[in-house]
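Down below is the structure, laid out as structure tokens.
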Amino acid sequence: MLNESLLQPPGTPNGADVIVRRRPWTIPADHRSALVVRNIRFASLHNVKAIHVTSTSTDKPRVNNELPTFASVVVENCLFDGMTQTAGEGRHNDAIKADGSSQVSIATALTIRDCTFRRLGGGIMPIHASDGGAGGWGTVLLEGLRFSECAHPVHIGGRCLVGRLIVRDCPGIQIIADGDVSGVAVVVESSPGAVVFGKPYAATLDPHAECNQKIAELQARISTLTTDNATLAAKIARAQEALA
């Protein structure tokens, strides 16, 4: 869950289209490293993205014949509260935009955890993960996310080749999955009301759900039997008293 002891983001330069921009920059240190963006409050943004992460830098020197690419990207404990954009200008603003390159084979892990999205207006996607490389996003984990008054669902697709999508503790989340995502495994855990739209995703809702349902049914039956036994015992006791 979100801890709202958050930092204010840095100021946005005139003409900038994003508040926090990250991609591999210091070479070779950033190659196959872990990027973490955390503890930031974004409020009342207009015509800008909040966070834009690109997993690969195609304009940097190669490292061991590989384009500089993050091994993992984590965005956690961030609040996105109020985002709008001017209609009709063809803008594409998102709270979290995550993309990559078609020129790499490294499957970057993407985790978005304990973030809250509030009052995101028309055209603003809470999360837009797309444009993965040949390896794409290896595992996408969405965990502990909360949404209110968001005009659009989460979008995972485009050229994004996701290896696996895990949704955990995200009640009511709506995800549109499209593009080149055939054969993707989807697991949804502890997220009542979660919906994954679009084939070829085949969501496996909470792997323990069926077992938990059977346990609940058995417990209800045991409770009924216990009540029935108590009623029967009371009747027997009354009959015995009448015969005494």
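A note on labels: chains of the structure tokens are A, B, ... as shown, every chain counts residues from 1, and ligands are counted from 1 in their shown order.
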TODO: For A:Pro171, please output as an MDAnalysis selection string all residues within 7 Å (counting only C-alpha atoms; exclusion window: fewer than 3 positions along the same chain).
DONE: chainID A and resid 191:194
Task: Spatial neighbours of A:Val196, max dist 8 Å, only C-alpha atoms, sep filter under 6 positions, as a ChimeraX atom specification - done: /A:174-177,203
Residue subset to file, keeping C-alpha atoms, as a tab-separated table (two decimals), in the first residue's frame:
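Okay, selection_19.tsv is ready:
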```tsv
chain	number	residue	atom	x	y	z
A	174	GLN	CA	-8.73	-3.12	-15.67
A	175	ILE	CA	-6.07	-4.12	-18.19
A	176	ILE	CA	-6.20	-3.98	-21.97
A	177	ALA	CA	-3.75	-6.45	-23.50
A	203	ALA	CA	-6.12	-15.05	-17.29
```
Open item on the list: Could you check the closest approach to A:Arg164 for each of A:Thr84, A:Ser105, A:Thr139, A:Ser130 and tell me which residue wins, using only C-alpha atoms?
Closed with: A:Thr139
TODO: Give the strand (DSSP E or B) residues of stretch 62-123 of chain A, as assigned by DSSP on the backbone, as an NGL selection string.
DONE: :A and (63 or 66 or 69 or 72-76 or 79-84 or 94-99 or 108-113 or 116-120)
Saved selection, atoms kept: N, CA and C atoms, as a JSON list (two decimals), in the first residue's frame:
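Once everything was written out, this is result06.json:
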```json
[["chain", "number", "residue", "atom", "x", "y", "z"],
["A", 63, "VAL", "N", 27.88, -2.59, -24.95],
["A", 63, "VAL", "CA", 28.66, -3.24, -23.90],
["A", 63, "VAL", "C", 28.65, -4.74, -24.20],
["A", 66, "GLU", "N", 26.23, -5.65, -26.68],
["A", 66, "GLU", "CA", 24.82, -5.47, -26.35],
["A", 66, "GLU", "C", 24.52, -3.99, -26.17],
["A", 69, "THR", "N", 21.09, -1.78, -21.60],
["A", 69, "THR", "CA", 19.70, -2.11, -21.25],
["A", 69, "THR", "C", 19.60, -2.41, -19.77],
["A", 72, "SER", "N", 16.32, -4.69, -14.85],
["A", 72, "SER", "CA", 15.01, -4.59, -14.20],
["A", 72, "SER", "C", 14.66, -3.13, -13.98],
["A", 73, "VAL", "N", 13.35, -2.86, -13.97],
["A", 73, "VAL", "CA", 12.83, -1.52, -13.72],
["A", 73, "VAL", "C", 11.75, -1.65, -12.65],
["A", 74, "VAL", "N", 11.87, -0.84, -11.59],
["A", 74, "VAL", "CA", 10.89, -0.85, -10.50],
["A", 74, "VAL", "C", 10.38, 0.58, -10.28],
["A", 75, "VAL", "N", 9.07, 0.73, -10.30],
["A", 75, "VAL", "CA", 8.44, 1.99, -9.90],
["A", 75, "VAL", "C", 7.58, 1.65, -8.69],
["A", 76, "GLU", "N", 7.85, 2.30, -7.55],
["A", 76, "GLU", "CA", 7.11, 1.93, -6.35],
["A", 76, "GLU", "C", 6.83, 3.14, -5.46],
["A", 79, "LEU", "N", 2.49, 8.44, -6.03],
["A", 79, "LEU", "CA", 1.11, 8.91, -6.09],
["A", 79, "LEU", "C", 0.94, 9.79, -7.33],
["A", 80, "PHE", "N", -0.07, 9.47, -8.12],
["A", 80, "PHE", "CA", -0.41, 10.26, -9.31],
["A", 80, "PHE", "C", -1.81, 10.82, -9.07],
["A", 81, "ASP", "N", -1.88, 12.11, -8.77],
["A", 81, "ASP", "CA", -3.14, 12.69, -8.30],
["A", 81, "ASP", "C", -3.49, 13.90, -9.16],
["A", 82, "GLY", "N", -4.29, 13.65, -10.22],
["A", 82, "GLY", "CA", -4.74, 14.72, -11.08],
["A", 82, "GLY", "C", -3.85, 14.93, -12.28],
["A", 83, "MET", "N", -4.27, 14.40, -13.45],
["A", 83, "MET", "CA", -3.55, 14.60, -14.70],
["A", 83, "MET", "C", -4.56, 14.89, -15.80],
["A", 84, "THR", "N", -4.28, 15.89, -16.61],
["A", 84, "THR", "CA", -5.15, 16.25, -17.72],
["A", 84, "THR", "C", -4.31, 16.55, -18.95],
["A", 94, "ASP", "N", 0.88, 9.73, -20.16],
["A", 94, "ASP", "CA", 0.57, 8.61, -19.27],
["A", 94, "ASP", "C", 1.14, 8.93, -17.89],
["A", 95, "ALA", "N", 0.56, 8.30, -16.87],
["A", 95, "ALA", "CA", 1.18, 8.41, -15.55],
["A", 95, "ALA", "C", 2.53, 7.70, -15.55],
["A", 96, "ILE", "N", 2.53, 6.44, -16.01],
["A", 96, "ILE", "CA", 3.77, 5.69, -16.15],
["A", 96, "ILE", "C", 3.85, 5.15, -17.57],
["A", 97, "LYS", "N", 4.85, 5.57, -18.31],
["A", 97, "LYS", "CA", 5.12, 5.05, -19.64],
["A", 97, "LYS", "C", 6.41, 4.23, -19.58],
["A", 98, "ALA", "N", 6.34, 2.97, -20.03],
["A", 98, "ALA", "CA", 7.52, 2.09, -20.04],
["A", 98, "ALA", "C", 7.68, 1.51, -21.43],
["A", 99, "ASP", "N", 8.82, 1.79, -22.07],
["A", 99, "ASP", "CA", 9.04, 1.27, -23.41],
["A", 99, "ASP", "C", 10.49, 0.84, -23.57],
["A", 108, "THR", "N", 13.76, -7.42, -19.95],
["A", 108, "THR", "CA", 13.79, -6.60, -18.74],
["A", 108, "THR", "C", 12.57, -6.89, -17.88],
["A", 109, "ALA", "N", 12.79, -7.07, -16.56],
["A", 109, "ALA", "CA", 11.69, -7.27, -15.62],
["A", 109, "ALA", "C", 11.11, -5.91, -15.23],
["A", 110, "LEU", "N", 9.79, -5.79, -15.26],
["A", 110, "LEU", "CA", 9.11, -4.54, -14.92],
["A", 110, "LEU", "C", 8.20, -4.76, -13.73],
["A", 111, "THR", "N", 8.42, -3.99, -12.66],
["A", 111, "THR", "CA", 7.59, -4.07, -11.46],
["A", 111, "THR", "C", 7.02, -2.70, -11.15],
["A", 112, "ILE", "N", 5.70, -2.63, -10.98],
["A", 112, "ILE", "CA", 5.04, -1.40, -10.54],
["A", 112, "ILE", "C", 4.26, -1.77, -9.28],
["A", 113, "ARG", "N", 4.66, -1.17, -8.15],
["A", 113, "ARG", "CA", 4.18, -1.66, -6.85],
["A", 113, "ARG", "C", 3.77, -0.48, -5.95],
["A", 116, "THR", "N", -0.67, 4.68, -6.32],
["A", 116, "THR", "CA", -2.07, 5.08, -6.36],
["A", 116, "THR", "C", -2.28, 6.06, -7.50],
["A", 117, "PHE", "N", -3.37, 5.83, -8.25],
["A", 117, "PHE", "CA", -3.70, 6.65, -9.41],
["A", 117, "PHE", "C", -5.08, 7.28, -9.16],
["A", 118, "ARG", "N", -5.14, 8.61, -9.12],
["A", 118, "ARG", "CA", -6.40, 9.31, -8.85],
["A", 118, "ARG", "C", -6.64, 10.39, -9.90],
["A", 119, "ARG", "N", -7.88, 10.51, -10.31],
["A", 119, "ARG", "CA", -8.32, 11.63, -11.15],
["A", 119, "ARG", "C", -7.45, 11.81, -12.40],
["A", 120, "LEU", "N", -7.35, 10.74, -13.17],
["A", 120, "LEU", "CA", -6.63, 10.81, -14.44],
["A", 120, "LEU", "C", -7.64, 11.01, -15.56]]
```
Task: Selected residue of minimal separation from A:Asn47 among A:Ile124, A:Ala230, A:Cys115, A:Val104, counting only C-alpha atoms - done: A:Ile124
Which residues are near A:Asn65? Cut-off 12 Å, only C-alpha atoms, ignore same chain within fewer than 3 positions. Put them as a short mmCIF file (atom, residue, chain, number, x, y, z; two decimals) with C-alpha atoms, in the first residue's frame.
```cif
data_model
loop_
_atom_site.label_atom_id
_atom_site.label_comp_id
_atom_site.auth_asym_id
_atom_site.auth_seq_id
_atom_site.Cartn_x
_atom_site.Cartn_y
_atom_site.Cartn_z
CA PRO A 28 28.83 0.67 -18.78
CA HIS A 31 23.96 -1.86 -18.49
CA LYS A 60 24.97 4.75 -26.44
CA PRO A 61 28.08 2.57 -26.99
CA ARG A 62 27.47 -1.16 -26.86
CA PRO A 68 22.86 -0.70 -22.85
CA THR A 69 19.70 -2.11 -21.25
CA GLN A 103 16.91 -4.08 -31.28
CA VAL A 104 17.66 -5.94 -28.04
CA SER A 105 17.16 -9.47 -26.74
#
```
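Counting only C-alpha atoms and comparing A:Cys150, A:Leu45, A:Val20, A:Ile222, the residue that lies closest to A:Gln85 is A:Leu45.
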